[in-house]
Structure formats: structure tokens, C-alpha cells
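Comments concern the structure below.
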Amino acid sequence: MTPFSARNAGFAVLALAGLVTGCSSTSTPDAGPAAPASPFADCAPVTTQQISDAVHADSLTAHRTAQACFWEAQVGDGDAGISFTFSAQDSLQQLWDRARAGGFRTEHMVITKHALGTVTATAFYVRNPHDPGDCAVVAASNGAITWRVQNRSRTTPLDPCAAALRLATLMVDLSP
């Protein structure tokens with residue numbers, strides 16, 4: 001594995017690390033009381049149309065695992081990868097520390113929304129220093145959410161950080 005591939009693998013691990021509540025859940029009849037369902041179950045934190053709009057996709061294909069939600073997007077002549085993860089147990093500081101330890105650049109930010117006054121949510125960018133087409137936004141929202149966008153082909157002017165921020169802003173709990 002080349003250092004570039006190792007960094008991408010590390011970024012994927014960061015996105016998936018510490019997940020206790022994923023995009024889907026199952027229970028067995030003898031498992032006792034069911035755990036509270038994730039507010040982001042069934043990989044439906046936002047609509048397919050909202051994801052498509054955020055990355056300016058011509059088409060979008062969903063892939064689901066127990067730990068994360070993935071979408072492949074056709075954007076003009078290029079393609080992009082989008083992923084979403086949710087963690088009920090990891091704090092933003094823990095995810096920040098993991099990203100920094102993995103060699104990624106991080107930048108604090110605040111997501112602001114003007115609805116019935118100004119409300120905010122704490123968040124940060126995670127940027128891959130070896131791939132400007134790879135960016136994530138990690139934000140506080142009843143746990144920690146991560147939206148990652150990868151502009152794989154670079155034949156489209158897709159800004160992965162702007163797209164990840166649009167997606168995170170759609171779902172952070174910004175209620176006053």
C-alpha cells in the first residue's frame with residue numbers, strides 16, 4: 001500500500017471509528033429491550049434529492065453497511081463519493097484528535113443557521129493534505145455526524161468541503 005492509499009484508508013477508518021449506532025439496526029426477539037433507534041437509521045438523514053443537489057449529481061447510487069452510508073455520484077463527466085457516519089459515543093474532541101493523529105488537517109468552524117434567531121452548532125473540517133478533492137465535516141448533532149465528499153475524477157468543479165458543509169448543515173440539530 002502506498003502512503004497515499006494508507007492515508008485514504010486512515011481517513012476511512014476515522015470516518016468509521018467509534019461507531020456504535022450506524023445507519024441501520026437489527027434486534028432479535030430474545031435480545032431484551034431494544035436500544036433506542038438512531039435518529040439517522042436507514043441511511044435517511046437527508047433525502048436523496050438533497051444529497052444530489054449538494055454535489056450537483058446527475059445520478060446517485062446508495063450503498064449501505066451497518067456502520068456507514070455511502071453514495072456514488074455521477075457529476076458531469078466525473079464521479080464523486082459521499083459518505084455519512086454517526087457516532088453516539090465519540091465526542092468532537094475525540095474525532096478531532098484521531099484526525100490529527102492520522103495526519104489530516106483540521107479546522108474549527110461553527111455552523112450557523114438563521115431560523116427564529118441565530119443558532120449555531122460546533123463543527124470542524126477534516127482535509128486530506130495529499131488529496132484536495134477529499135474533505136469531511138464533523139459536527140455535533142445528538143452525537144457526532146460526519147459527512148465526507150471525495151471529488152474522485154477532478155473533471156468537475158465540485159468543492160468537496162462546500163458539499164460536505166451543505167450536507168452537515170441540513171441535519172445538525174440547530175433548534176434554539
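If you're wondering about the labels, chains in the C-alpha cells are A, B, ... by order shown, residues count from 1 in each chain, ligands from 1 in order shown.
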Selection near Ala121 (chain A), 9 Å with only C-alpha atoms, sequence-local residues under 6 positions removed, as a list in words: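 Contacts, in chain order: Met109, Val110, Ile111, Thr112, Lys113, Ala139, Ala140, Ser141, Thr169, Val172, Asp173 and Leu174 of chain A.
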Write a file of the selected residues as a PDB file, in the first residue's frame, keeping C-alpha atoms.
ATOM      1  CA  MET A 109     -15.813  26.072  12.430  1.00  0.00           C
ATOM      2  CA  VAL A 110     -19.294  26.922  13.573  1.00  0.00           C
ATOM      3  CA  ILE A 111     -22.354  26.071  11.532  1.00  0.00           C
ATOM      4  CA  THR A 112     -24.795  28.953  11.773  1.00  0.00           C
ATOM      5  CA  LYS A 113     -28.434  28.976  10.785  1.00  0.00           C
ATOM      6  CA  ALA A 139     -20.437  18.270  13.580  1.00  0.00           C
ATOM      7  CA  ALA A 140     -22.252  17.920  16.881  1.00  0.00           C
ATOM      8  CA  SER A 141     -25.819  16.702  16.435  1.00  0.00           C
ATOM      9  CA  THR A 169     -25.933  21.892   7.804  1.00  0.00           C
ATOM     10  CA  VAL A 172     -27.385  19.311  12.578  1.00  0.00           C
ATOM     11  CA  ASP A 173     -29.831  19.982  15.344  1.00  0.00           C
ATOM     12  CA  LEU A 174     -29.927  23.746  15.247  1.00  0.00           C
TER      13      LEU A 174
END
Can you tell me, as a PyMOL selection string, which residues in region 83-147 of chain A count as strand (DSSP E) by DSSP? chain A and resi 83-87+105-114+118-127+134-140+144-147
Can you work out the spacing between CA of Trp71 (chain A) and CA of Asn142 (chain A) in Å, to one decimal?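 Between CA of Trp71 (chain A) and CA of Asn142 (chain A) the gap is 23.0 Å.
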Near region 129-135 of chain A, within 8 Å and counting only C-alpha atoms, which residues show up once chain neighbours fewer than 6 positions away are dropped, as a VMD selection string? chain A and resid 4 103 to 105 148 to 152 154 159 to 161 164
Writing out the chosen residues with N, CA, C and O atoms as a PDB file, in the first residue's frame:
ATOM      1  N   PHE A   4      -0.124   7.259   0.062  1.00  0.00           N
ATOM      2  CA  PHE A   4      -1.370   7.926  -0.294  1.00  0.00           C
ATOM      3  C   PHE A   4      -2.551   7.015   0.014  1.00  0.00           C
ATOM      4  O   PHE A   4      -3.522   7.420   0.615  1.00  0.00           O
ATOM      5  N   GLY A 103      -2.718  12.445  10.592  1.00  0.00           N
ATOM      6  CA  GLY A 103      -2.032  13.317   9.648  1.00  0.00           C
ATOM      7  C   GLY A 103      -2.949  14.223   8.840  1.00  0.00           C
ATOM      8  O   GLY A 103      -2.511  14.860   7.891  1.00  0.00           O
ATOM      9  N   PHE A 104      -4.203  14.309   9.218  1.00  0.00           N
ATOM     10  CA  PHE A 104      -5.135  15.158   8.484  1.00  0.00           C
ATOM     11  C   PHE A 104      -5.148  16.564   9.061  1.00  0.00           C
ATOM     12  O   PHE A 104      -4.895  16.768  10.241  1.00  0.00           O
ATOM     13  N   ARG A 105      -5.439  17.541   8.204  1.00  0.00           N
ATOM     14  CA  ARG A 105      -5.572  18.926   8.652  1.00  0.00           C
ATOM     15  C   ARG A 105      -6.988  19.120   9.163  1.00  0.00           C
ATOM     16  O   ARG A 105      -7.949  18.671   8.565  1.00  0.00           O
ATOM     17  N   ARG A 148     -18.530  13.106   4.451  1.00  0.00           N
ATOM     18  CA  ARG A 148     -17.286  13.143   3.682  1.00  0.00           C
ATOM     19  C   ARG A 148     -17.627  13.124   2.197  1.00  0.00           C
ATOM     20  O   ARG A 148     -18.466  12.349   1.749  1.00  0.00           O
ATOM     21  N   VAL A 149     -16.967  13.993   1.440  1.00  0.00           N
ATOM     22  CA  VAL A 149     -17.163  14.055  -0.015  1.00  0.00           C
ATOM     23  C   VAL A 149     -15.802  13.941  -0.678  1.00  0.00           C
ATOM     24  O   VAL A 149     -14.851  14.620  -0.292  1.00  0.00           O
ATOM     25  N   GLN A 150     -15.725  13.072  -1.684  1.00  0.00           N
ATOM     26  CA  GLN A 150     -14.499  12.886  -2.446  1.00  0.00           C
ATOM     27  C   GLN A 150     -14.782  13.196  -3.916  1.00  0.00           C
ATOM     28  O   GLN A 150     -15.598  12.516  -4.531  1.00  0.00           O
ATOM     29  N   ASN A 151     -14.111  14.198  -4.442  1.00  0.00           N
ATOM     30  CA  ASN A 151     -14.183  14.506  -5.866  1.00  0.00           C
ATOM     31  C   ASN A 151     -13.110  13.640  -6.520  1.00  0.00           C
ATOM     32  O   ASN A 151     -11.954  14.026  -6.598  1.00  0.00           O
ATOM     33  N   ARG A 152     -13.487  12.456  -6.967  1.00  0.00           N
ATOM     34  CA  ARG A 152     -12.512  11.467  -7.414  1.00  0.00           C
ATOM     35  C   ARG A 152     -11.860  11.793  -8.749  1.00  0.00           C
ATOM     36  O   ARG A 152     -10.670  11.588  -8.926  1.00  0.00           O
ATOM     37  N   ARG A 154     -11.894  14.766 -10.506  1.00  0.00           N
ATOM     38  CA  ARG A 154     -11.441  16.152 -10.621  1.00  0.00           C
ATOM     39  C   ARG A 154     -11.775  16.777 -11.978  1.00  0.00           C
ATOM     40  O   ARG A 154     -11.240  17.796 -12.333  1.00  0.00           O
ATOM     41  N   ASP A 159     -16.605  21.300  -5.186  1.00  0.00           N
ATOM     42  CA  ASP A 159     -15.829  21.638  -3.991  1.00  0.00           C
ATOM     43  C   ASP A 159     -16.275  20.679  -2.884  1.00  0.00           C
ATOM     44  O   ASP A 159     -17.387  20.812  -2.356  1.00  0.00           O
ATOM     45  N   PRO A 160     -15.434  19.696  -2.519  1.00  0.00           N
ATOM     46  CA  PRO A 160     -15.877  18.696  -1.546  1.00  0.00           C
ATOM     47  C   PRO A 160     -16.180  19.278  -0.169  1.00  0.00           C
ATOM     48  O   PRO A 160     -17.076  18.793   0.522  1.00  0.00           O
ATOM     49  N   CYS A 161     -15.451  20.299   0.253  1.00  0.00           N
ATOM     50  CA  CYS A 161     -15.712  20.899   1.569  1.00  0.00           C
ATOM     51  C   CYS A 161     -17.045  21.639   1.579  1.00  0.00           C
ATOM     52  O   CYS A 161     -17.805  21.543   2.548  1.00  0.00           O
ATOM     53  N   ALA A 164     -19.802  18.927   1.636  1.00  0.00           N
ATOM     54  CA  ALA A 164     -19.897  18.295   2.955  1.00  0.00           C
ATOM     55  C   ALA A 164     -20.546  19.252   3.965  1.00  0.00           C
ATOM     56  O   ALA A 164     -21.361  18.836   4.790  1.00  0.00           O
TER      57      ALA A 164
END
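For Ala62 (chain A), the non-local neighbours within 10 Å, defined as residues at least 5 positions apart in the same chain or in other chains and counting only C-alpha atoms, are A:Cys43, A:Thr48, A:Cys69, A:Phe70, A:Trp71, A:Glu72, A:Ala73, A:Ile82, A:Ser83.
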Expected file contents, prior selection, C-alpha atoms, as a PDB file, in the first residue's frame:
ATOM      1  CA  CYS A  43     -29.375   5.883   5.832  1.00  0.00           C
ATOM      2  CA  THR A  48     -31.558  11.516  -1.952  1.00  0.00           C
ATOM      3  CA  CYS A  69     -23.952   5.108   4.387  1.00  0.00           C
ATOM      4  CA  PHE A  70     -22.284   5.571   1.011  1.00  0.00           C
ATOM      5  CA  TRP A  71     -23.384   7.132  -2.253  1.00  0.00           C
ATOM      6  CA  GLU A  72     -21.691   7.090  -5.648  1.00  0.00           C
ATOM      7  CA  ALA A  73     -22.491  10.195  -7.653  1.00  0.00           C
ATOM      8  CA  ILE A  82     -20.200  10.635  -0.458  1.00  0.00           C
ATOM      9  CA  SER A  83     -20.329   9.003   2.967  1.00  0.00           C
TER      10      SER A  83
END
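Residues in contact with Ala57 (chain A) at 8 Å, where only C-alpha atoms are counted and same-chain residues fewer than 2 positions away are skipped, are listed as Ser52, Asp53, Ala54, Val55, Ser59, Leu60, Ala73, Gln74, Val75 and Gly76 of chain A.
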Can you measure CA of His56 (chain A) to CA of Gly81 (chain A) for me? One decimal in Å is fine. 12.3 Å
Using DSSP on the backbone coordinates, identify all residues within region 64-145 of chain A classified as alpha helix (DSSP H); present the result as a PyMOL selection string. chain A and resi 92-101
Save the residues we just selected, N, CA and C atoms, as a tab-separated table (two decimals), in the first residue's frame?
chain	number	residue	atom	x	y	z
A	92	LEU	N	-16.64	15.33	19.71
A	92	LEU	CA	-15.93	16.04	18.64
A	92	LEU	C	-14.44	16.09	18.94
A	93	GLN	N	-14.07	16.24	20.20
A	93	GLN	CA	-12.64	16.29	20.55
A	93	GLN	C	-11.95	14.97	20.23
A	94	GLN	N	-12.60	13.86	20.52
A	94	GLN	CA	-12.01	12.56	20.20
A	94	GLN	C	-11.81	12.40	18.70
A	95	LEU	N	-12.79	12.79	17.92
A	95	LEU	CA	-12.68	12.68	16.46
A	95	LEU	C	-11.62	13.65	15.92
A	96	TRP	N	-11.55	14.84	16.50
A	96	TRP	CA	-10.51	15.81	16.14
A	96	TRP	C	-9.12	15.21	16.39
A	97	ASP	N	-8.94	14.64	17.59
A	97	ASP	CA	-7.65	14.06	17.95
A	97	ASP	C	-7.27	12.91	17.02
A	98	ARG	N	-8.24	12.06	16.66
A	98	ARG	CA	-7.95	10.96	15.73
A	98	ARG	C	-7.55	11.47	14.36
A	99	ALA	N	-8.23	12.50	13.89
A	99	ALA	CA	-7.88	13.06	12.57
A	99	ALA	C	-6.47	13.63	12.59
A	100	ARG	N	-6.15	14.40	13.62
A	100	ARG	CA	-4.81	14.98	13.72
A	100	ARG	C	-3.74	13.90	13.83
A	101	ALA	N	-4.00	12.86	14.62
A	101	ALA	CA	-3.05	11.76	14.77
A	101	ALA	C	-2.85	11.02	13.45
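Between CA of Phe84 (chain A) and CA of His114 (chain A) there is a distance of 24.3 Å.
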